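Colleague: Input input-v8.txt, format and content: compact mmCIF, C-alpha atoms.
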# COMPACT_ATOMS: atom_id res chain seq x y z
CA MET A 734 -1.76 11.27 -77.33
CA ASP A 735 -0.51 7.70 -76.74
CA GLY A 736 -1.56 7.73 -73.11
CA THR A 737 2.03 7.35 -71.76
CA PRO A 738 1.81 10.33 -69.34
CA ASP A 739 -1.41 8.94 -67.93
CA LYS A 740 0.17 5.52 -67.31
CA THR A 741 3.16 7.16 -65.65
CA ALA A 742 0.89 9.19 -63.38
CA ARG A 743 -1.06 6.12 -62.45
CA ARG A 744 2.10 4.17 -61.63
CA ARG A 745 3.40 7.01 -59.49
CA ALA A 746 0.11 7.38 -57.63
CA PHE A 747 -0.01 3.63 -57.02
CA ARG A 748 3.54 3.47 -55.64
CA ARG A 749 3.04 6.62 -53.62
CA TRP A 750 0.00 5.30 -51.75
CA LEU A 751 1.17 1.70 -51.58
CA PHE A 752 3.65 2.76 -48.86
CA ALA A 753 1.33 5.16 -47.01
CA TYR A 754 -0.09 2.66 -44.51
CA PRO A 755 3.20 0.75 -43.94
CA LEU A 756 5.13 3.98 -43.22
CA ALA A 757 2.37 5.34 -40.95
CA THR A 758 2.21 1.99 -39.12
CA LEU A 759 5.98 1.95 -38.66
CA ALA A 760 5.94 5.47 -37.20
CA PHE A 761 3.07 4.79 -34.81
CA ALA A 762 4.42 1.39 -33.69
CA VAL A 763 7.88 2.77 -32.97
CA TYR A 764 6.39 5.68 -31.06
CA PHE A 765 4.22 3.32 -29.02
CA VAL A 766 7.03 0.99 -27.93
CA ALA A 767 9.47 3.84 -27.27
CA THR A 768 7.25 6.06 -25.10
CA GLN A 769 4.97 5.89 -22.10
CA ALA A 770 1.93 5.34 -24.33
CA ARG A 771 2.08 1.67 -23.37
CA THR A 772 1.89 2.40 -19.63
CA ASP A 773 0.24 5.80 -19.21
CA MET A 774 -3.53 5.59 -19.78
CA GLY A 775 -3.93 9.23 -20.80
CA GLU A 776 -1.15 9.04 -23.37
CA PHE A 777 -2.45 5.69 -24.61
CA LEU A 778 -5.94 7.05 -25.23
CA LEU A 779 -4.50 10.05 -27.08
CA PHE A 780 -2.36 7.67 -29.12
CA VAL A 781 -5.42 5.59 -30.08
CA VAL A 782 -7.38 8.67 -31.15
CA VAL A 783 -4.52 9.99 -33.30
CA ALA A 784 -3.92 6.54 -34.85
CA ILE A 785 -7.59 6.15 -35.78
CA GLY A 786 -7.60 9.66 -37.24
CA ALA A 787 -4.52 8.89 -39.34
CA ALA A 788 -6.00 5.58 -40.55
CA LEU A 789 -9.15 7.39 -41.73
CA ALA A 790 -7.23 10.28 -43.25
CA VAL A 791 -5.02 8.14 -45.53
CA PRO A 792 -7.77 7.01 -47.98
CA VAL A 793 -9.25 10.52 -48.02
CA LEU A 794 -5.88 11.99 -48.97
CA ALA A 795 -5.38 9.22 -51.53
CA LEU A 796 -8.73 10.11 -53.13
CA ILE A 797 -7.83 13.80 -53.28
CA ASP A 798 -4.40 13.07 -54.76
CA GLY A 799 -5.87 10.61 -57.27
CA ALA A 800 -8.42 13.16 -58.43
CA ARG A 801 -5.71 15.76 -58.87
CA SER A 802 -3.52 13.44 -60.93
CA ARG A 803 -6.43 11.77 -62.72
CA ALA A 804 -5.45 8.42 -61.18
CA ILE A 805 -8.10 7.83 -58.53
CA GLY A 806 -8.25 4.08 -59.08
CA SER A 807 -4.47 3.64 -58.83
CA ALA A 808 -4.21 5.78 -55.70
CA ILE A 809 -7.04 3.98 -53.88
CA GLY A 810 -5.82 0.59 -55.11
CA GLY A 811 -2.29 1.25 -53.81
CA CYS A 812 -3.70 2.46 -50.51
CA LEU A 813 -5.75 -0.72 -50.01
CA LEU A 814 -2.95 -3.06 -51.11
CA GLY A 815 -0.68 -1.30 -48.57
CA LEU A 816 -2.74 -2.74 -45.71
CA ALA A 817 -1.03 -6.14 -46.03
CA PRO A 818 2.56 -4.90 -45.65
CA ALA A 819 1.33 -2.54 -42.90
CA LEU A 820 0.21 -5.57 -40.87
CA LEU A 821 3.63 -7.18 -41.43
CA VAL A 822 5.35 -4.01 -40.28
CA PHE A 823 3.16 -3.90 -37.17
CA ALA A 824 3.91 -7.52 -36.30
CA GLY A 825 7.62 -7.09 -36.99
CA VAL A 826 8.03 -4.05 -34.74
CA PHE A 827 6.28 -5.71 -31.83
CA GLU A 828 8.21 -8.95 -32.29
CA VAL A 829 11.49 -7.05 -32.15
CA ASP A 830 10.25 -5.20 -29.07
CA ARG A 831 9.21 -8.47 -27.41
CA ALA A 832 12.60 -10.03 -28.08
CA TYR A 833 14.36 -6.97 -26.66
CA ARG A 834 12.19 -6.96 -23.55
CA ASP A 835 12.78 -10.67 -23.02
CA HIS A 836 16.50 -10.05 -23.27
CA GLN A 837 16.27 -7.24 -20.74
CA TRP A 838 14.10 -9.43 -18.51
CA ASN A 839 16.61 -12.27 -18.53
CA GLN A 840 19.47 -9.89 -17.77
CA GLU A 841 17.56 -8.37 -14.86
CA ARG A 842 16.78 -11.81 -13.47
CA GLU A 843 20.45 -12.76 -13.63
CA ARG A 844 21.43 -9.57 -11.79
CA ALA A 845 18.74 -10.12 -9.15
CA ALA A 846 19.84 -13.73 -8.70
CA ALA A 847 23.43 -12.56 -8.25
CA LEU A 848 22.31 -10.10 -5.57
CA ALA A 849 20.28 -12.76 -3.75
CA ASP A 850 23.16 -15.23 -3.93
CA ALA A 851 25.63 -12.66 -2.58
CA ALA A 852 23.24 -11.84 0.26
CA ALA A 853 22.76 -15.52 1.10
CA ARG A 854 26.55 -15.96 1.30
CA GLY A 855 26.96 -12.90 3.49
CA ASP A 856 29.46 -11.34 1.05
CA ALA A 857 29.11 -7.59 1.60
CA ASP A 858 31.37 -6.61 -1.32
CA ALA A 859 29.47 -8.89 -3.70
CA VAL A 860 26.17 -7.43 -2.47
CA ARG A 861 27.29 -3.90 -3.27
CA ALA A 862 28.69 -4.97 -6.65
CA ALA A 863 25.48 -6.79 -7.59
CA MET A 864 23.40 -3.81 -6.47
CA ALA A 865 25.39 -1.58 -8.81
CA GLU A 866 24.48 -3.85 -11.75
CA LEU A 867 20.72 -3.60 -11.24
CA SER A 868 18.69 -1.21 -13.35
CA ALA A 869 18.32 2.35 -12.09
CA GLU A 870 14.67 1.72 -11.17
CA TYR A 871 15.80 -0.67 -8.44
CA ARG A 872 16.95 1.36 -5.49
CA PRO A 873 18.44 -0.31 -2.41
CA GLY A 874 15.17 -0.45 -0.46
CA ARG A 875 13.37 -2.17 -3.29
CA ALA A 876 16.27 -4.54 -3.84
CA LEU A 877 16.38 -5.63 -0.20
CA CYS A 878 12.62 -6.08 -0.27
CA PHE A 879 12.59 -8.64 -3.06
CA VAL A 880 15.75 -10.36 -1.82
CA GLY A 881 14.09 -10.83 1.56
CA GLY A 882 10.90 -12.27 0.09
CA ARG A 883 9.91 -15.88 -0.42
CA GLY A 884 9.58 -15.91 -4.21
CA ARG A 885 6.68 -15.97 -6.63
CA ASN A 886 5.70 -18.07 -9.62
CA GLU A 887 6.56 -16.87 -13.10
CA ARG A 888 2.88 -16.13 -13.69
CA LEU A 889 3.62 -12.85 -11.86
CA ARG A 890 6.20 -11.98 -14.44
CA GLY A 891 4.52 -8.65 -15.07
CA GLY A 892 5.58 -7.40 -11.65
CA SER A 893 3.61 -4.45 -10.35
CA GLU A 894 1.85 -4.03 -13.70
CA SER A 895 0.14 -7.39 -13.22
CA GLY A 896 -0.63 -6.95 -9.56
CA GLY A 897 2.40 -8.93 -8.41
CA SER A 898 5.58 -7.76 -6.78
CA ASP A 899 9.29 -7.41 -7.42
CA ASP A 900 9.67 -11.05 -6.36
CA TRP A 901 8.92 -11.99 -9.98
CA LEU A 902 12.59 -11.31 -10.63
CA LEU A 903 13.57 -14.49 -8.81
CA SER A 904 12.39 -18.06 -9.23
CA GLU A 905 10.23 -19.80 -6.66
CA SER A 906 12.25 -20.85 -3.64
CA ASP A 907 12.02 -24.34 -2.15
CA ALA A 908 8.85 -24.90 -0.11
CA GLY A 909 8.28 -21.14 0.02
CA ALA A 910 11.20 -20.69 2.42
CA PRO A 911 13.04 -17.36 2.55
CA ARG A 912 15.88 -17.17 0.05
CA VAL A 913 18.09 -15.38 2.56
CA SER A 914 18.22 -16.10 6.29
CA THR A 915 17.36 -13.27 8.64
CA ALA A 916 20.92 -12.95 9.91
CA ARG A 917 22.23 -12.67 6.35
CA LEU A 918 19.46 -10.23 5.48
CA PHE A 919 20.78 -7.96 8.23
CA ASP A 920 24.27 -8.23 6.72
CA ALA A 921 22.89 -7.34 3.30
CA ALA A 922 21.08 -4.32 4.74
CA GLU A 923 24.27 -3.08 6.37
CA ALA A 924 26.13 -3.49 3.08
CA LEU A 925 23.46 -1.63 1.12
CA ILE A 926 23.23 1.39 3.43
CA GLN A 927 26.95 2.10 3.51
CA GLY A 928 27.81 5.41 1.88
CA ARG A 929 24.25 6.18 0.84
CA PRO A 930 22.14 9.25 1.71
CA ARG A 931 19.88 9.02 4.75
CA PRO A 932 16.58 8.62 2.83
CA GLN A 933 17.91 5.57 0.98
CA GLN A 934 19.34 4.11 4.18
CA GLN A 935 16.00 4.42 5.90
CA ALA A 936 14.19 2.92 2.90
CA VAL A 937 16.44 -0.15 3.20
CA LEU A 938 15.74 -0.46 6.92
CA ALA A 939 12.01 -0.01 6.40
CA SER A 940 12.10 -2.93 3.95
CA LEU A 941 14.05 -4.95 6.49
CA LEU A 942 11.47 -4.23 9.20
CA VAL A 943 8.63 -5.32 6.90
CA ARG A 944 10.36 -8.62 6.18
CA LEU A 945 11.10 -9.18 9.89
CA SER A 946 7.42 -8.76 10.71
CA GLU A 947 6.36 -11.11 7.90
CA ARG A 948 8.74 -13.76 9.18
CA ASP A 949 7.44 -13.23 12.72
CA GLU A 950 10.97 -13.12 14.02
CA SER A 951 11.71 -13.07 17.73
CA LEU A 952 12.27 -9.88 19.66
CA SER A 953 16.02 -10.53 19.64
CA TYR A 954 16.26 -9.04 16.14
CA LEU A 955 14.55 -5.75 16.98
CA PRO A 956 17.45 -4.17 19.00
CA GLY A 957 19.75 -4.82 16.04
CA TRP A 958 17.33 -3.12 13.69
CA LEU A 959 17.00 -0.16 16.09
CA ARG A 960 20.79 0.09 16.21
CA LEU A 961 20.97 0.30 12.42
CA TRP A 962 18.24 2.94 12.33
CA ARG A 963 20.03 4.96 15.00
CA GLY A 964 23.06 4.99 12.72
CA THR A 965 21.08 6.84 10.05
CA ASP A 966 20.29 9.74 12.41
CA PRO A 967 22.21 9.58 15.72
CA ALA A 968 20.61 12.74 17.16
CA ALA A 969 16.97 11.85 16.46
CA ARG A 970 14.61 11.75 19.44
CA ARG A 971 11.80 10.05 17.51
CA LEU A 972 11.85 7.02 15.25
CA THR A 973 10.57 8.69 12.10
CA PHE A 974 11.59 9.06 8.48
CA ALA A 975 13.87 11.99 7.79
CA PRO A 976 12.53 14.20 4.98
CA PRO A 977 12.56 13.84 2.07
CA ARG A 978 11.42 10.23 2.39
CA ASP A 979 12.65 7.81 -0.27
CA ASP A 980 9.39 5.93 -0.81
CA GLN A 981 8.99 5.68 -4.57
CA ASP A 982 10.69 2.33 -5.19
CA SER A 983 10.12 0.03 -2.24
CA GLY A 984 8.25 -2.77 -3.97
CA ASP A 985 6.10 -4.85 -1.63
CA CYS A 986 7.69 -3.15 1.36
CA TYR A 987 6.17 0.27 0.72
CA LEU A 988 4.78 1.91 3.86
CA PRO A 989 1.97 4.25 2.75
CA GLU A 990 1.55 5.92 6.15
CA GLY A 991 5.26 6.28 6.78
CA ASN A 992 5.97 7.12 10.41
CA ALA A 993 2.73 5.57 11.64
CA ASP A 994 3.57 2.32 9.82
CA LEU A 995 6.92 2.03 11.60
CA ALA A 996 5.14 2.09 14.96
CA ARG A 997 2.36 -0.19 13.74
CA ILE A 998 4.77 -2.91 12.60
CA VAL A 999 6.71 -2.87 15.87
CA ALA A 1000 3.55 -2.79 18.01
CA ASP A 1001 1.70 -5.47 16.03
CA THR A 1002 4.68 -7.83 15.84
CA TRP A 1003 6.23 -7.55 19.30
CA HIS A 1004 3.51 -5.75 21.30
CA ASP A 1005 4.61 -4.42 24.71
CA ASP A 1006 8.11 -5.88 24.45
CA GLY A 1007 8.67 -4.21 21.10
CA LEU A 1008 7.50 -0.84 22.38
CA ARG A 1009 9.76 -1.12 25.43
CA ALA A 1010 12.72 -1.90 23.13
CA TRP A 1011 11.76 1.18 21.08
CA ILE A 1012 11.87 3.29 24.24
CA ALA A 1013 15.11 1.69 25.46
CA ALA A 1014 16.76 2.69 22.16
CA GLY A 1015 16.12 6.33 23.13
CA TYR A 1016 13.12 7.02 20.93
CA GLY A 1017 9.81 8.69 21.71
CA PHE A 1018 6.67 8.67 19.60
CA ALA A 1019 5.43 11.15 17.02
CA PRO A 1020 1.75 12.22 17.37
CA GLU A 1021 0.69 10.22 14.32
CA GLN A 1022 2.19 7.08 15.84
CA GLY A 1023 -0.02 7.20 18.97
CA PRO A 1024 -3.00 5.18 17.62
CA ALA A 1025 -0.76 2.44 16.26
CA VAL A 1026 1.16 2.28 19.52
CA LEU A 1027 -2.00 1.89 21.62
CA ASP A 1028 -3.27 -0.79 19.27
CA GLY A 1029 -0.21 -2.88 20.11
CA VAL A 1030 -0.37 -2.54 23.89
CA ARG A 1031 -1.56 -5.71 25.64
CA THR A 1032 -0.94 -5.13 29.37
CA LEU A 1033 -0.89 -2.38 31.97
CA VAL A 1034 2.86 -2.95 32.30
CA GLY A 1035 3.29 -1.92 28.68
CA LEU A 1036 1.00 1.07 29.13
CA ASP A 1037 2.92 2.16 32.25
CA ALA A 1038 6.17 1.95 30.30
CA LEU A 1039 4.73 4.28 27.66
CA ARG A 1040 3.56 6.77 30.26
CA ALA A 1041 6.94 6.70 32.01
CA ALA A 1042 8.55 7.56 28.67
CA GLY A 1043 6.33 10.64 28.32
CA PHE A 1044 3.64 9.14 26.09
CA ASP A 1045 0.55 11.38 26.18
CA LEU A 1046 -2.24 8.84 26.58
CA SER A 1047 -5.04 11.41 26.69
CA ALA A 1048 -3.88 13.01 23.44
CA ALA A 1049 -3.60 9.62 21.75
CA LEU A 1050 -7.14 8.74 22.77
CA ARG A 1051 -8.52 12.03 21.53
CA ARG A 1052 -10.51 11.72 18.34
CA SER A 1053 -9.10 13.55 15.35
CA GLY A 1054 -11.66 12.80 12.67
CA ALA A 1055 -13.30 10.03 10.68
CA GLY A 1056 -11.11 6.98 10.25
CA ASP A 1057 -8.96 7.86 13.25
CA ASP A 1058 -11.20 6.91 16.17
CA VAL A 1059 -8.73 5.14 18.42
CA MET A 1060 -11.17 3.71 20.95
CA PHE A 1061 -13.42 2.36 18.20
CA ARG A 1062 -10.53 0.39 16.72
CA LEU A 1063 -9.42 -0.87 20.11
CA VAL A 1064 -12.91 -1.99 21.13
CA TYR A 1065 -13.61 -3.47 17.69
CA ARG A 1066 -10.68 -5.87 18.09
CA LEU A 1067 -11.31 -6.73 21.75
CA PRO A 1068 -13.53 -9.82 21.26
CA GLN A 1069 -10.93 -11.59 19.13
CA ARG A 1070 -8.11 -10.56 21.43
CA LEU A 1071 -10.03 -11.87 24.43
CA ASP A 1072 -10.18 -15.28 22.75
CA GLU A 1073 -6.49 -15.19 21.88
CA SER A 1074 -5.17 -13.84 25.18
CA GLY A 1075 -3.72 -16.06 27.87
CA ASP A 1076 -4.75 -13.49 30.47
CA PRO A 1077 -7.99 -11.81 29.34
CA ALA A 1078 -8.23 -9.77 32.54
CA THR A 1079 -5.32 -7.63 31.39
CA LEU A 1080 -7.44 -6.41 28.46
CA ALA A 1081 -10.22 -5.42 30.85
CA ASP A 1082 -7.61 -3.57 32.92
CA LEU A 1083 -6.55 -1.67 29.80
CA VAL A 1084 -10.12 -0.61 29.03
CA ASP A 1085 -10.47 0.74 32.57
CA ALA A 1086 -7.18 2.63 32.19
CA TYR A 1087 -8.29 4.18 28.88
CA LEU A 1088 -11.58 5.33 30.40
CA ARG A 1089 -9.77 6.85 33.38
CA ALA A 1090 -7.49 8.66 30.94
CA GLY A 1091 -10.43 10.36 29.27
CA ALA A 1092 -11.77 8.01 26.60
CA GLU A 1093 -15.39 8.90 25.88
CA LEU A 1094 -18.32 6.51 25.66
CA GLY A 1095 -20.41 8.54 23.24
CA ARG A 1096 -20.94 7.71 19.62
CA THR A 1097 -17.84 7.20 17.54
CA THR A 1098 -17.16 8.69 14.13
CA TYR A 1099 -18.67 5.50 12.69
CA GLY A 1100 -22.07 6.19 14.25
CA GLU A 1101 -21.92 3.51 16.96
CA THR A 1102 -21.27 3.71 20.65
CA LEU A 1103 -18.40 1.71 22.07
CA CYS A 1104 -20.97 -0.46 23.82
CA GLU A 1105 -22.67 -1.29 20.53
CA THR A 1106 -19.34 -1.94 18.85
CA PHE A 1107 -18.27 -4.37 21.57
CA ASP A 1108 -21.60 -6.21 21.61
CA GLU A 1109 -21.57 -6.60 17.84
CA GLY A 1110 -18.01 -7.92 17.96
CA GLU A 1111 -18.96 -10.39 20.68
CA ARG A 1112 -21.81 -11.73 18.54
CA LYS A 1113 -19.55 -12.19 15.54
CA GLN A 1114 -16.85 -13.84 17.62
CA ALA A 1115 -19.38 -16.22 19.18
CA ASN A 1116 -20.42 -17.36 15.68
CA ILE A 1117 -16.89 -18.41 14.76
CA ARG A 1118 -15.75 -19.72 18.16
CA ASN A 1119 -15.17 -23.47 18.22
CA ALA A 1120 -15.70 -23.96 21.96
CA ALA A 1121 -17.32 -22.26 24.90
CA PRO A 1122 -15.20 -19.42 26.30
CA ALA A 1123 -13.21 -20.01 29.45
CA ALA A 1124 -14.45 -18.56 32.71
CA THR A 1125 -11.63 -16.02 32.79
CA ARG A 1126 -12.53 -14.88 29.28
CA ALA A 1127 -16.23 -14.56 30.16
CA ALA A 1128 -15.41 -12.61 33.32
CA ALA A 1129 -13.14 -10.21 31.42
CA ALA A 1130 -15.80 -9.69 28.75
CA GLN A 1131 -18.38 -8.92 31.44
CA ARG A 1132 -16.05 -6.37 33.05
CA ILE A 1133 -15.50 -4.67 29.70
CA ARG A 1134 -19.20 -4.56 28.93
CA LEU A 1135 -20.04 -3.05 32.30
CA ALA A 1136 -17.37 -0.40 31.71
CA LEU A 1137 -18.57 0.44 28.20
CA CYS A 1138 -22.31 0.13 28.86
CA PRO A 1139 -23.45 2.10 31.96
CA GLN A 1140 -26.56 0.51 33.53
CA GLY A 1141 -26.29 -2.15 30.86
CA GLN A 1142 -27.44 0.27 28.14
CA PRO A 1143 -25.53 2.10 25.40
CA PRO A 1144 -24.80 5.65 26.57
CA ALA A 1145 -26.53 8.61 25.01
CA PRO A 1146 -24.57 10.71 22.51
CA THR A 1147 -22.31 13.31 24.08
CA SER A 1148 -21.17 16.70 22.92
CA SER A 1149 -18.15 15.02 21.30
CA SER A 1150 -20.41 13.53 18.63
CA THR A 1151 -23.18 16.17 18.39
CA SER A 1152 -23.20 19.90 17.91
CA ALA A 1153 -23.84 22.38 20.73
CA HIS A 1154 -27.15 23.36 19.12
CA GLU A 1155 -28.27 19.71 19.03
CA ASN A 1156 -27.30 19.31 22.68
CA GLN A 1157 -29.36 22.38 23.64
CA LEU A 1158 -32.38 21.12 21.74
CA GLU A 1159 -32.11 17.69 23.34
CA ALA A 1160 -31.79 19.26 26.80
CA ALA A 1161 -34.84 21.46 26.18
CA VAL A 1162 -36.93 18.51 25.01
CA GLN A 1163 -35.86 16.45 28.02
CA ALA A 1164 -36.71 19.34 30.40
CA ALA A 1165 -40.15 19.73 28.83
CA GLN A 1166 -40.82 16.02 29.19
CA ASP A 1167 -39.72 16.04 32.82
CA ALA A 1168 -41.96 19.08 33.54
CA ALA A 1169 -44.94 17.41 31.92
CA ARG A 1170 -44.50 14.30 34.01
CA ALA A 1171 -44.12 16.33 37.22
CA ALA A 1172 -47.18 18.62 36.67
CA PRO A 1173 -50.41 17.57 38.57
CA GLU A 1174 -53.38 16.58 36.50
CA ARG A 1175 -56.00 19.35 36.16
CA PRO A 1176 -59.72 18.63 36.03
CA ALA A 1177 -61.43 19.30 32.77
CA PRO A 1178 -63.23 22.70 32.69
CA THR A 1179 -67.04 22.66 33.17
CA PRO A 1180 -69.14 24.12 30.39
Spit out the file's structure as structure tokens when you get a sec.
Modeller:
Amino acid sequence: MDGTPDKTARRRAFRRWLFAYPLATLAFAVYFVATQARTDMGEFLLFVVVAIGAALAVPVLALIDGARSRAIGSAIGGCLLGLAPALLVFAGVFEVDRAYRDHQWNQERERAAALADAAARGDADAVRAAMAELSAEYRPGRALCFVGGRGRNERLRGGSESGGSDDWLLSESDAGAPRVSTARLFDAAEALIQGRPRPQQQAVLASLLVRLSERDESLSYLPGWLRLWRGTDPAARRLTFAPPRDDQDSGDCYLPEGNADLARIVADTWHDDGLRAWIAAGYGFAPEQGPAVLDGVRTLVGLDALRAAGFDLSAALRRSGAGDDVMFRLVYRLPQRLDESGDPATLADLVDAYLRAGAELGRTTYGETLCETFDEGERKQANIRNAAPAATRAAAAQRIRLALCPQGQPPAPTSSSTSAHENQLEAAVQAAQDAARAAPERPAPTP
């Protein structure tokens, strides 16, 4: 025996295991960059476990194969030397992926810039053409949202994955000013909704409403927005999203509570005037919109307009569970609104109207009475107030406190916040105490 077969076996074992780690690394790296393992946490963790298992299995298999072919040293040596090219393969795959993603990123930025430029010019045809060039993940509502924004720094390049927004597509605008004027943004919205299904049309208009509220535009823009919304569903009696709602790709303009958010934006931005414009456009209010609507009312005139339109004030004031205590939210914000109001007495008038409509003074779902909530808010507001309150503000606050705090004390819990059994026990205890106080004292018995 000249040993030739043994040398051949050793060479084969060495070559065989020299490429084990590089080939395994190539397979895992390609899988990682081509699947959701880079974005889905569950898949990523599974990927890590499988990769670690494969990395540990390679030397074990090399040892078994080397023992079988009487070339243990060559097999293990090839396996270890394969770590260096495996690292090069790993770096190469991710460098190619980075270059590809940068290329895609630059293309997407160019398409987004073209859309923003077309919108700024008011060119409807160019807006539709630029929209068609965007990636499929950018639907019209999301596109209008980032076009109507003010821009972000490139540090938010990661978009939603880094906590930013779709505005990362476009460079920072001058002095943070809107890239597209409000009038042109309306034109872009009209161009984007043409020929599209109702859910996408309403997603575009929801994005437009969000941007209008952020810009604090005057009421003059709201009738135009209501006209566009009416065009998506001419027969609708309520201003609500038509199912199925297109809410998956709205970027920063996503409205998590849907119908309630539409009312909240209008009420918070334009208050009574906005709600009257809503009514004048022929719309009523869905039940879930009631709390948001009341939160935007500032005067009895606005409240009367709601009632005249069929708004059920008593139902809106009715508690429907934790987190939806309407009167708590209204009273919680009263101290700040009293400071901001030019006519604080109107807020006191509203509190009186709510109480006449059936609002209860017992404990709220947050464990406080309305009286306690108002007093706590007044203390906090006094700590941050720069000057003494005006006489009209002080008078309005006193009216509100007298309405919420009978005899100057927080009211006792009512059956709305306690069970019937608890009420019966409390009544029995109170009756026993009253009887004890009313009973004449008896002399002590003589021995």
Colleague: Return the single residue from A:Arg931, A:Arg978, A:Arg997, A:Arg861 that is closest to Val943 of chain A, with distances computed using only C-alpha atoms.
Modeller: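 Selected residue with least distance to Val943 of chain A: A:Arg997.
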Colleague: Would you compute the distance between atom CA of Ala857 of chain A and atom CA of Ala921 of chain A? Give it in Å to one decimal.
Modeller: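 Separation between atom CA of Ala857 of chain A and atom CA of Ala921 of chain A: 6.5 Å.
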Colleague: With all atoms listed in the file as the atoms that count, which of A:Ala869, A:Ala1136, A:Ala1041, A:Ala1129 lies nearest to Tyr1087 of chain A?
Modeller: A:Ala1136
Colleague: Please measure the separation of atom CA of Tyr833 of chain A and atom CA of Tyr764 of chain A, giving the value in Å to one decimal.
Modeller: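 These atoms are spaced 15.6 Å apart.
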Colleague: Out of A:Ala808, A:Pro932, A:Cys1138, A:Leu903, which residue has the shortest atom-to-atom distance to Arg844 of chain A when counting only C-alpha atoms?
Modeller: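 Once distances to Arg844 of chain A are computed over only C-alpha atoms, the minimum belongs to A:Leu903.
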Colleague: Skip Leu918 of chain A itself and residues of its chain fewer than 2 positions away, then list as a list in words all residues within 8 Å of it, counting all atoms listed in the file.
Modeller: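 The residues satisfying every condition are Ala852, Ala853, Leu877, Gly881, Val913, Ser914, Thr915, Ala916, Asp920, Ala921, Ala922 and Leu941 of chain A.
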Colleague: Can you tell me which residues surround segment 944-954 of chain A at a distance of at most 7 Å, considering only C-alpha atoms, apart from same-chain residues fewer than 3 positions away, and format the answer as number ranges by chain?
Modeller: A: 881, 940-941, 957-958, 998, 1002-1003, 1007
